[in-house]
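Below is one structure, written out as structure tokens, with a few remarks after it.
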Amino acid sequence: MKSIPDLLDEHPFFADLDAATRELIAGCGINVHVGSDEMILTANEAADRFYVVRRGKVAVEIDSPHGSIVLETLGAGDILGVSWMLPPYRWTFDARAIDDTSAISIDAACLRAKCDDDPALGYELFKRFAGLVHNRLQATRLQLLDVYGSDAG
């Protein structure tokens, strides 16, 4: 079985970080398993971790008057959770495992403390997560156009 530092070495989000930095991040991580149809994140709850999805699929959802709308489906290699980085550290979406899912769970308080101690690490992670936020906003925009675009005309 591969260690968390080894798994981060192989992940594109972390691979170009130096080995010491990946070790530092890995020190905040544990391997987790979530069963099919289990909630991983719930909107408005504490954003106390983020996930590096290793296997399975995860639906990022938002509640609507007509039920949940899937904004994006994440799979192996994706990062789940960006709200851990910005106060008030609350989830803005729900996330549900579609399949049995394995992931590395990174403890947010642990990693934020390491970023406070090493501002260069914090800045590097902030840049990477800002890119994720941008991509997620684009995906949300496209999903909302798909759902509501036909009503516009």
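Residue numbers start at 1 in each chain; chains themselves are named A, B, ... in the order of the structure tokens; ligands are numbered from 1 in the order shown.
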
Excluding segment 39-53 of chain A and residues on its chain fewer than 4 positions from it, collect all residues at most 10 Å away from it, counting only C-alpha atoms, and give them as a PDB file with N, CA, C and O atoms, in the first residue's frame.
ATOM      1  N   LEU A   7       1.348   9.022  -2.617  1.00  0.00           N
ATOM      2  CA  LEU A   7       0.144   9.335  -3.398  1.00  0.00           C
ATOM      3  C   LEU A   7       0.135  10.799  -3.828  1.00  0.00           C
ATOM      4  O   LEU A   7      -0.245  11.113  -4.955  1.00  0.00           O
ATOM      5  N   LEU A   8       0.559  11.699  -2.954  1.00  0.00           N
ATOM      6  CA  LEU A   8       0.640  13.111  -3.329  1.00  0.00           C
ATOM      7  C   LEU A   8       1.702  13.345  -4.396  1.00  0.00           C
ATOM      8  O   LEU A   8       1.534  14.205  -5.260  1.00  0.00           O
ATOM      9  N   HIS A  11       0.126  12.893  -7.724  1.00  0.00           N
ATOM     10  CA  HIS A  11      -1.041  13.714  -8.051  1.00  0.00           C
ATOM     11  C   HIS A  11      -0.600  15.019  -8.703  1.00  0.00           C
ATOM     12  O   HIS A  11       0.248  15.728  -8.178  1.00  0.00           O
ATOM     13  N   PHE A  13      -1.824  17.943  -8.851  1.00  0.00           N
ATOM     14  CA  PHE A  13      -2.016  19.147  -8.040  1.00  0.00           C
ATOM     15  C   PHE A  13      -0.829  19.403  -7.116  1.00  0.00           C
ATOM     16  O   PHE A  13      -0.512  20.536  -6.788  1.00  0.00           O
ATOM     17  N   CYS A  28      -0.829  16.070   7.406  1.00  0.00           N
ATOM     18  CA  CYS A  28      -2.187  16.458   7.809  1.00  0.00           C
ATOM     19  C   CYS A  28      -3.236  15.510   7.238  1.00  0.00           C
ATOM     20  O   CYS A  28      -4.433  15.735   7.424  1.00  0.00           O
ATOM     21  N   GLY A  29      -2.813  14.463   6.521  1.00  0.00           N
ATOM     22  CA  GLY A  29      -3.758  13.632   5.789  1.00  0.00           C
ATOM     23  C   GLY A  29      -3.963  12.248   6.357  1.00  0.00           C
ATOM     24  O   GLY A  29      -3.087  11.694   7.031  1.00  0.00           O
ATOM     25  N   ILE A  30      -5.132  11.714   6.067  1.00  0.00           N
ATOM     26  CA  ILE A  30      -5.457  10.314   6.351  1.00  0.00           C
ATOM     27  C   ILE A  30      -6.225   9.753   5.153  1.00  0.00           C
ATOM     28  O   ILE A  30      -6.849  10.503   4.405  1.00  0.00           O
ATOM     29  N   ASN A  31      -6.157   8.452   4.973  1.00  0.00           N
ATOM     30  CA  ASN A  31      -6.957   7.795   3.949  1.00  0.00           C
ATOM     31  C   ASN A  31      -8.356   7.558   4.496  1.00  0.00           C
ATOM     32  O   ASN A  31      -8.517   7.174   5.662  1.00  0.00           O
ATOM     33  N   VAL A  32      -9.365   7.820   3.661  1.00  0.00           N
ATOM     34  CA  VAL A  32     -10.752   7.603   4.071  1.00  0.00           C
ATOM     35  C   VAL A  32     -11.494   6.856   2.974  1.00  0.00           C
ATOM     36  O   VAL A  32     -11.101   6.879   1.806  1.00  0.00           O
ATOM     37  N   HIS A  33     -12.579   6.221   3.373  1.00  0.00           N
ATOM     38  CA  HIS A  33     -13.469   5.528   2.441  1.00  0.00           C
ATOM     39  C   HIS A  33     -14.893   5.979   2.750  1.00  0.00           C
ATOM     40  O   HIS A  33     -15.301   6.043   3.912  1.00  0.00           O
ATOM     41  N   VAL A  34     -15.642   6.299   1.703  1.00  0.00           N
ATOM     42  CA  VAL A  34     -17.034   6.726   1.834  1.00  0.00           C
ATOM     43  C   VAL A  34     -17.874   5.809   0.960  1.00  0.00           C
ATOM     44  O   VAL A  34     -17.557   5.605  -0.215  1.00  0.00           O
ATOM     45  N   GLY A  35     -18.931   5.275   1.536  1.00  0.00           N
ATOM     46  CA  GLY A  35     -19.807   4.373   0.807  1.00  0.00           C
ATOM     47  C   GLY A  35     -20.699   5.110  -0.179  1.00  0.00           C
ATOM     48  O   GLY A  35     -20.967   6.309  -0.039  1.00  0.00           O
ATOM     49  N   LYS A  57     -16.696   8.291  -7.536  1.00  0.00           N
ATOM     50  CA  LYS A  57     -17.270   9.515  -8.096  1.00  0.00           C
ATOM     51  C   LYS A  57     -18.039  10.240  -7.011  1.00  0.00           C
ATOM     52  O   LYS A  57     -18.688   9.616  -6.167  1.00  0.00           O
ATOM     53  N   VAL A  58     -17.972  11.571  -7.090  1.00  0.00           N
ATOM     54  CA  VAL A  58     -18.619  12.427  -6.096  1.00  0.00           C
ATOM     55  C   VAL A  58     -19.431  13.483  -6.833  1.00  0.00           C
ATOM     56  O   VAL A  58     -18.934  14.145  -7.740  1.00  0.00           O
ATOM     57  N   ALA A  59     -20.691  13.655  -6.423  1.00  0.00           N
ATOM     58  CA  ALA A  59     -21.553  14.694  -6.984  1.00  0.00           C
ATOM     59  C   ALA A  59     -21.494  15.920  -6.077  1.00  0.00           C
ATOM     60  O   ALA A  59     -21.747  15.818  -4.875  1.00  0.00           O
ATOM     61  N   VAL A  60     -21.150  17.067  -6.652  1.00  0.00           N
ATOM     62  CA  VAL A  60     -21.210  18.341  -5.949  1.00  0.00           C
ATOM     63  C   VAL A  60     -22.580  18.916  -6.274  1.00  0.00           C
ATOM     64  O   VAL A  60     -22.912  19.116  -7.444  1.00  0.00           O
ATOM     65  N   GLU A  61     -23.365  19.160  -5.230  1.00  0.00           N
ATOM     66  CA  GLU A  61     -24.778  19.477  -5.419  1.00  0.00           C
ATOM     67  C   GLU A  61     -25.171  20.756  -4.687  1.00  0.00           C
ATOM     68  O   GLU A  61     -24.509  21.172  -3.741  1.00  0.00           O
ATOM     69  N   ILE A  62     -26.299  21.297  -5.125  1.00  0.00           N
ATOM     70  CA  ILE A  62     -26.927  22.419  -4.442  1.00  0.00           C
ATOM     71  C   ILE A  62     -28.420  22.122  -4.370  1.00  0.00           C
ATOM     72  O   ILE A  62     -28.990  21.566  -5.307  1.00  0.00           O
ATOM     73  N   ASP A  63     -29.019  22.454  -3.240  1.00  0.00           N
ATOM     74  CA  ASP A  63     -30.459  22.255  -3.102  1.00  0.00           C
ATOM     75  C   ASP A  63     -31.213  23.319  -3.875  1.00  0.00           C
ATOM     76  O   ASP A  63     -30.785  24.469  -3.953  1.00  0.00           O
ATOM     77  N   LEU A  74     -17.142  14.815  -9.692  1.00  0.00           N
ATOM     78  CA  LEU A  74     -15.695  14.677  -9.527  1.00  0.00           C
ATOM     79  C   LEU A  74     -15.329  13.204  -9.487  1.00  0.00           C
ATOM     80  O   LEU A  74     -16.131  12.376  -9.052  1.00  0.00           O
ATOM     81  N   GLY A  75     -14.122  12.900  -9.914  1.00  0.00           N
ATOM     82  CA  GLY A  75     -13.646  11.526  -9.903  1.00  0.00           C
ATOM     83  C   GLY A  75     -12.197  11.453  -9.487  1.00  0.00           C
ATOM     84  O   GLY A  75     -11.625  12.422  -8.970  1.00  0.00           O
ATOM     85  N   ALA A  76     -11.594  10.307  -9.752  1.00  0.00           N
ATOM     86  CA  ALA A  76     -10.204  10.069  -9.365  1.00  0.00           C
ATOM     87  C   ALA A  76      -9.315  11.197  -9.886  1.00  0.00           C
ATOM     88  O   ALA A  76      -9.413  11.597 -11.042  1.00  0.00           O
ATOM     89  N   GLY A  77      -8.503  11.720  -9.008  1.00  0.00           N
ATOM     90  CA  GLY A  77      -7.580  12.787  -9.372  1.00  0.00           C
ATOM     91  C   GLY A  77      -8.096  14.179  -9.080  1.00  0.00           C
ATOM     92  O   GLY A  77      -7.349  15.147  -9.129  1.00  0.00           O
ATOM     93  N   ASP A  78      -9.387  14.306  -8.754  1.00  0.00           N
ATOM     94  CA  ASP A  78      -9.953  15.620  -8.476  1.00  0.00           C
ATOM     95  C   ASP A  78      -9.797  15.990  -7.003  1.00  0.00           C
ATOM     96  O   ASP A  78      -9.637  15.125  -6.142  1.00  0.00           O
ATOM     97  N   ILE A  79      -9.892  17.283  -6.746  1.00  0.00           N
ATOM     98  CA  ILE A  79      -9.856  17.827  -5.393  1.00  0.00           C
ATOM     99  C   ILE A  79     -11.282  18.238  -5.033  1.00  0.00           C
ATOM    100  O   ILE A  79     -11.954  18.929  -5.800  1.00  0.00           O
ATOM    101  N   LEU A  80     -11.744  17.824  -3.866  1.00  0.00           N
ATOM    102  CA  LEU A  80     -13.069  18.176  -3.361  1.00  0.00           C
ATOM    103  C   LEU A  80     -12.901  19.094  -2.159  1.00  0.00           C
ATOM    104  O   LEU A  80     -12.245  18.726  -1.186  1.00  0.00           O
ATOM    105  N   GLY A  81     -13.475  20.283  -2.253  1.00  0.00           N
ATOM    106  CA  GLY A  81     -13.509  21.188  -1.110  1.00  0.00           C
ATOM    107  C   GLY A  81     -12.508  22.311  -1.223  1.00  0.00           C
ATOM    108  O   GLY A  81     -11.305  22.061  -1.235  1.00  0.00           O
ATOM    109  N   VAL A  82     -13.020  23.535  -1.324  1.00  0.00           N
ATOM    110  CA  VAL A  82     -12.146  24.710  -1.330  1.00  0.00           C
ATOM    111  C   VAL A  82     -12.485  25.663  -0.186  1.00  0.00           C
ATOM    112  O   VAL A  82     -11.706  26.553   0.118  1.00  0.00           O
ATOM    113  N   SER A  83     -13.608  25.459   0.470  1.00  0.00           N
ATOM    114  CA  SER A  83     -14.070  26.375   1.509  1.00  0.00           C
ATOM    115  C   SER A  83     -13.206  26.330   2.770  1.00  0.00           C
ATOM    116  O   SER A  83     -13.300  27.233   3.606  1.00  0.00           O
ATOM    117  N   TRP A  84     -12.382  25.321   2.922  1.00  0.00           N
ATOM    118  CA  TRP A  84     -11.510  25.190   4.087  1.00  0.00           C
ATOM    119  C   TRP A  84     -10.498  26.343   4.165  1.00  0.00           C
ATOM    120  O   TRP A  84      -9.955  26.621   5.221  1.00  0.00           O
ATOM    121  N   MET A  85     -10.271  27.032   3.043  1.00  0.00           N
ATOM    122  CA  MET A  85      -9.226  28.036   2.963  1.00  0.00           C
ATOM    123  C   MET A  85      -9.661  29.437   3.360  1.00  0.00           C
ATOM    124  O   MET A  85      -8.822  30.255   3.669  1.00  0.00           O
ATOM    125  N   LEU A  86     -10.935  29.711   3.298  1.00  0.00           N
ATOM    126  CA  LEU A  86     -11.410  31.076   3.511  1.00  0.00           C
ATOM    127  C   LEU A  86     -12.443  31.142   4.632  1.00  0.00           C
ATOM    128  O   LEU A  86     -13.397  30.370   4.633  1.00  0.00           O
ATOM    129  N   PRO A  87     -12.253  32.096   5.568  1.00  0.00           N
ATOM    130  CA  PRO A  87     -13.274  32.270   6.613  1.00  0.00           C
ATOM    131  C   PRO A  87     -14.610  32.567   5.968  1.00  0.00           C
ATOM    132  O   PRO A  87     -14.646  33.196   4.917  1.00  0.00           O
ATOM    133  N   PRO A  88     -15.685  32.107   6.494  1.00  0.00           N
ATOM    134  CA  PRO A  88     -15.863  31.534   7.835  1.00  0.00           C
ATOM    135  C   PRO A  88     -15.659  30.015   7.896  1.00  0.00           C
ATOM    136  O   PRO A  88     -16.097  29.372   8.850  1.00  0.00           O
ATOM    137  N   TYR A  89     -15.005  29.431   6.892  1.00  0.00           N
ATOM    138  CA  TYR A  89     -14.712  27.996   6.851  1.00  0.00           C
ATOM    139  C   TYR A  89     -15.993  27.164   6.969  1.00  0.00           C
ATOM    140  O   TYR A  89     -16.138  26.300   7.821  1.00  0.00           O
ATOM    141  N   ARG A  90     -16.937  27.430   6.067  1.00  0.00           N
ATOM    142  CA  ARG A  90     -18.203  26.694   5.983  1.00  0.00           C
ATOM    143  C   ARG A  90     -18.370  26.193   4.548  1.00  0.00           C
ATOM    144  O   ARG A  90     -18.048  26.907   3.600  1.00  0.00           O
ATOM    145  N   TRP A  91     -18.886  24.984   4.399  1.00  0.00           N
ATOM    146  CA  TRP A  91     -19.137  24.449   3.065  1.00  0.00           C
ATOM    147  C   TRP A  91     -20.240  25.239   2.382  1.00  0.00           C
ATOM    148  O   TRP A  91     -21.234  25.597   3.013  1.00  0.00           O
ATOM    149  N   THR A  92     -20.080  25.488   1.090  1.00  0.00           N
ATOM    150  CA  THR A  92     -21.107  26.207   0.331  1.00  0.00           C
ATOM    151  C   THR A  92     -21.972  25.262  -0.500  1.00  0.00           C
ATOM    152  O   THR A  92     -23.022  25.679  -0.988  1.00  0.00           O
ATOM    153  N   PHE A  93     -21.541  24.022  -0.668  1.00  0.00           N
ATOM    154  CA  PHE A  93     -22.287  23.030  -1.434  1.00  0.00           C
ATOM    155  C   PHE A  93     -22.343  21.737  -0.645  1.00  0.00           C
ATOM    156  O   PHE A  93     -21.622  21.555   0.332  1.00  0.00           O
ATOM    157  N   ASP A  94     -23.184  20.836  -1.102  1.00  0.00           N
ATOM    158  CA  ASP A  94     -23.195  19.462  -0.600  1.00  0.00           C
ATOM    159  C   ASP A  94     -22.327  18.628  -1.531  1.00  0.00           C
ATOM    160  O   ASP A  94     -22.163  18.964  -2.704  1.00  0.00           O
ATOM    161  N   ALA A  95     -21.811  17.539  -1.007  1.00  0.00           N
ATOM    162  CA  ALA A  95     -21.106  16.570  -1.845  1.00  0.00           C
ATOM    163  C   ALA A  95     -21.504  15.173  -1.377  1.00  0.00           C
ATOM    164  O   ALA A  95     -21.484  14.878  -0.176  1.00  0.00           O
ATOM    165  N   ARG A  96     -21.865  14.346  -2.343  1.00  0.00           N
ATOM    166  CA  ARG A  96     -22.359  12.999  -2.072  1.00  0.00           C
ATOM    167  C   ARG A  96     -21.584  12.004  -2.917  1.00  0.00           C
ATOM    168  O   ARG A  96     -21.366  12.220  -4.111  1.00  0.00           O
ATOM    169  N   ALA A  97     -21.174  10.912  -2.305  1.00  0.00           N
ATOM    170  CA  ALA A  97     -20.503   9.850  -3.055  1.00  0.00           C
ATOM    171  C   ALA A  97     -21.521   9.165  -3.952  1.00  0.00           C
ATOM    172  O   ALA A  97     -22.574   8.743  -3.494  1.00  0.00           O
ATOM    173  N   ILE A  98     -21.213   9.103  -5.228  1.00  0.00           N
ATOM    174  CA  ILE A  98     -22.070   8.385  -6.177  1.00  0.00           C
ATOM    175  C   ILE A  98     -21.722   6.903  -6.145  1.00  0.00           C
ATOM    176  O   ILE A  98     -22.595   6.043  -6.217  1.00  0.00           O
ATOM    177  N   THR A 101     -16.150   5.472  -2.615  1.00  0.00           N
ATOM    178  CA  THR A 101     -15.108   6.448  -2.910  1.00  0.00           C
ATOM    179  C   THR A 101     -13.986   6.363  -1.894  1.00  0.00           C
ATOM    180  O   THR A 101     -14.244   6.297  -0.683  1.00  0.00           O
ATOM    181  N   SER A 102     -12.767   6.368  -2.388  1.00  0.00           N
ATOM    182  CA  SER A 102     -11.575   6.448  -1.542  1.00  0.00           C
ATOM    183  C   SER A 102     -10.911   7.784  -1.793  1.00  0.00           C
ATOM    184  O   SER A 102     -10.854   8.263  -2.932  1.00  0.00           O
ATOM    185  N   ALA A 103     -10.409   8.384  -0.712  1.00  0.00           N
ATOM    186  CA  ALA A 103      -9.783   9.700  -0.838  1.00  0.00           C
ATOM    187  C   ALA A 103      -8.759   9.892   0.266  1.00  0.00           C
ATOM    188  O   ALA A 103      -8.758   9.174   1.270  1.00  0.00           O
ATOM    189  N   ILE A 104      -7.915  10.874   0.049  1.00  0.00           N
ATOM    190  CA  ILE A 104      -7.052  11.372   1.115  1.00  0.00           C
ATOM    191  C   ILE A 104      -7.786  12.573   1.699  1.00  0.00           C
ATOM    192  O   ILE A 104      -8.156  13.498   0.974  1.00  0.00           O
ATOM    193  N   SER A 105      -8.019  12.543   2.993  1.00  0.00           N
ATOM    194  CA  SER A 105      -8.671  13.644   3.693  1.00  0.00           C
ATOM    195  C   SER A 105      -7.572  14.471   4.372  1.00  0.00           C
ATOM    196  O   SER A 105      -6.806  13.947   5.172  1.00  0.00           O
ATOM    197  N   ILE A 106      -7.509  15.757   4.015  1.00  0.00           N
ATOM    198  CA  ILE A 106      -6.490  16.647   4.578  1.00  0.00           C
ATOM    199  C   ILE A 106      -7.157  17.540   5.625  1.00  0.00           C
ATOM    200  O   ILE A 106      -8.104  18.260   5.321  1.00  0.00           O
ATOM    201  N   ASP A 107      -6.658  17.484   6.854  1.00  0.00           N
ATOM    202  CA  ASP A 107      -7.191  18.271   7.954  1.00  0.00           C
ATOM    203  C   ASP A 107      -6.883  19.751   7.732  1.00  0.00           C
ATOM    204  O   ASP A 107      -5.722  20.142   7.613  1.00  0.00           O
ATOM    205  N   ALA A 108      -7.928  20.568   7.682  1.00  0.00           N
ATOM    206  CA  ALA A 108      -7.778  21.982   7.344  1.00  0.00           C
ATOM    207  C   ALA A 108      -7.052  22.773   8.422  1.00  0.00           C
ATOM    208  O   ALA A 108      -6.178  23.587   8.111  1.00  0.00           O
ATOM    209  N   ALA A 109      -7.396  22.560   9.689  1.00  0.00           N
ATOM    210  CA  ALA A 109      -6.738  23.318  10.763  1.00  0.00           C
ATOM    211  C   ALA A 109      -5.245  23.014  10.786  1.00  0.00           C
ATOM    212  O   ALA A 109      -4.421  23.921  10.953  1.00  0.00           O
ATOM    213  N   CYS A 110      -4.896  21.764  10.591  1.00  0.00           N
ATOM    214  CA  CYS A 110      -3.489  21.359  10.540  1.00  0.00           C
ATOM    215  C   CYS A 110      -2.770  22.070   9.406  1.00  0.00           C
ATOM    216  O   CYS A 110      -1.702  22.663   9.603  1.00  0.00           O
ATOM    217  N   LEU A 111      -3.371  22.059   8.212  1.00  0.00           N
ATOM    218  CA  LEU A 111      -2.708  22.661   7.054  1.00  0.00           C
ATOM    219  C   LEU A 111      -2.692  24.188   7.148  1.00  0.00           C
ATOM    220  O   LEU A 111      -1.700  24.821   6.781  1.00  0.00           O
TER     221      LEU A 111
END

Task: Sel. of alpha helix (DSSP H) residues, chain A, as a PyMOL selection string - done: chain A and resi 4-10+19-26+108-117+119-148

Open item on the list: When you count only C-alpha atoms, which of these residues is closest to Gln143 of chain A: A:Ile4, A:Ile25, A:Leu17, A:Leu71?
Closed with: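 Of all the options, A:Leu71 lies closest to Gln143 of chain A.
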
Open item on the list: Need to verify the contact set: Leu121 of chain A, 8 Å, only C-alpha atoms, exclusion of same-chain residues closer than 6 positions in sequence. Can you return it as a PyMOL selection string?
Closed with: chain A and resi 21+114-115

Residues from last step as file, C-alpha atoms, as a compact mmCIF listing (two decimals), in the first residue's frame:
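File written: selection.txt
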# COMPACT_ATOMS: atom_id res chain seq x y z
CA THR A 21 6.47 20.35 1.10
CA LYS A 114 1.44 25.03 8.55
CA CYS A 115 0.58 27.77 6.07

Open item on the list: Nearest residue to Arg128 of chain A out of A:Asp9, A:Ile69, A:Asp16, A:Met1, using only C-alpha atoms?
Closed with: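 Answer, going by the shortest atom-to-atom distance: A:Asp16.
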
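Distances from A:Glu72, A:Asp37, A:Asp118, A:Glu23 to Arg136 of chain A were compared using only C-alpha atoms, and the smallest one belongs to A:Glu72.
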
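From atom CA of His134 of chain A back to atom CA of Arg112 of chain A, the distance works out to 20.9 Å.
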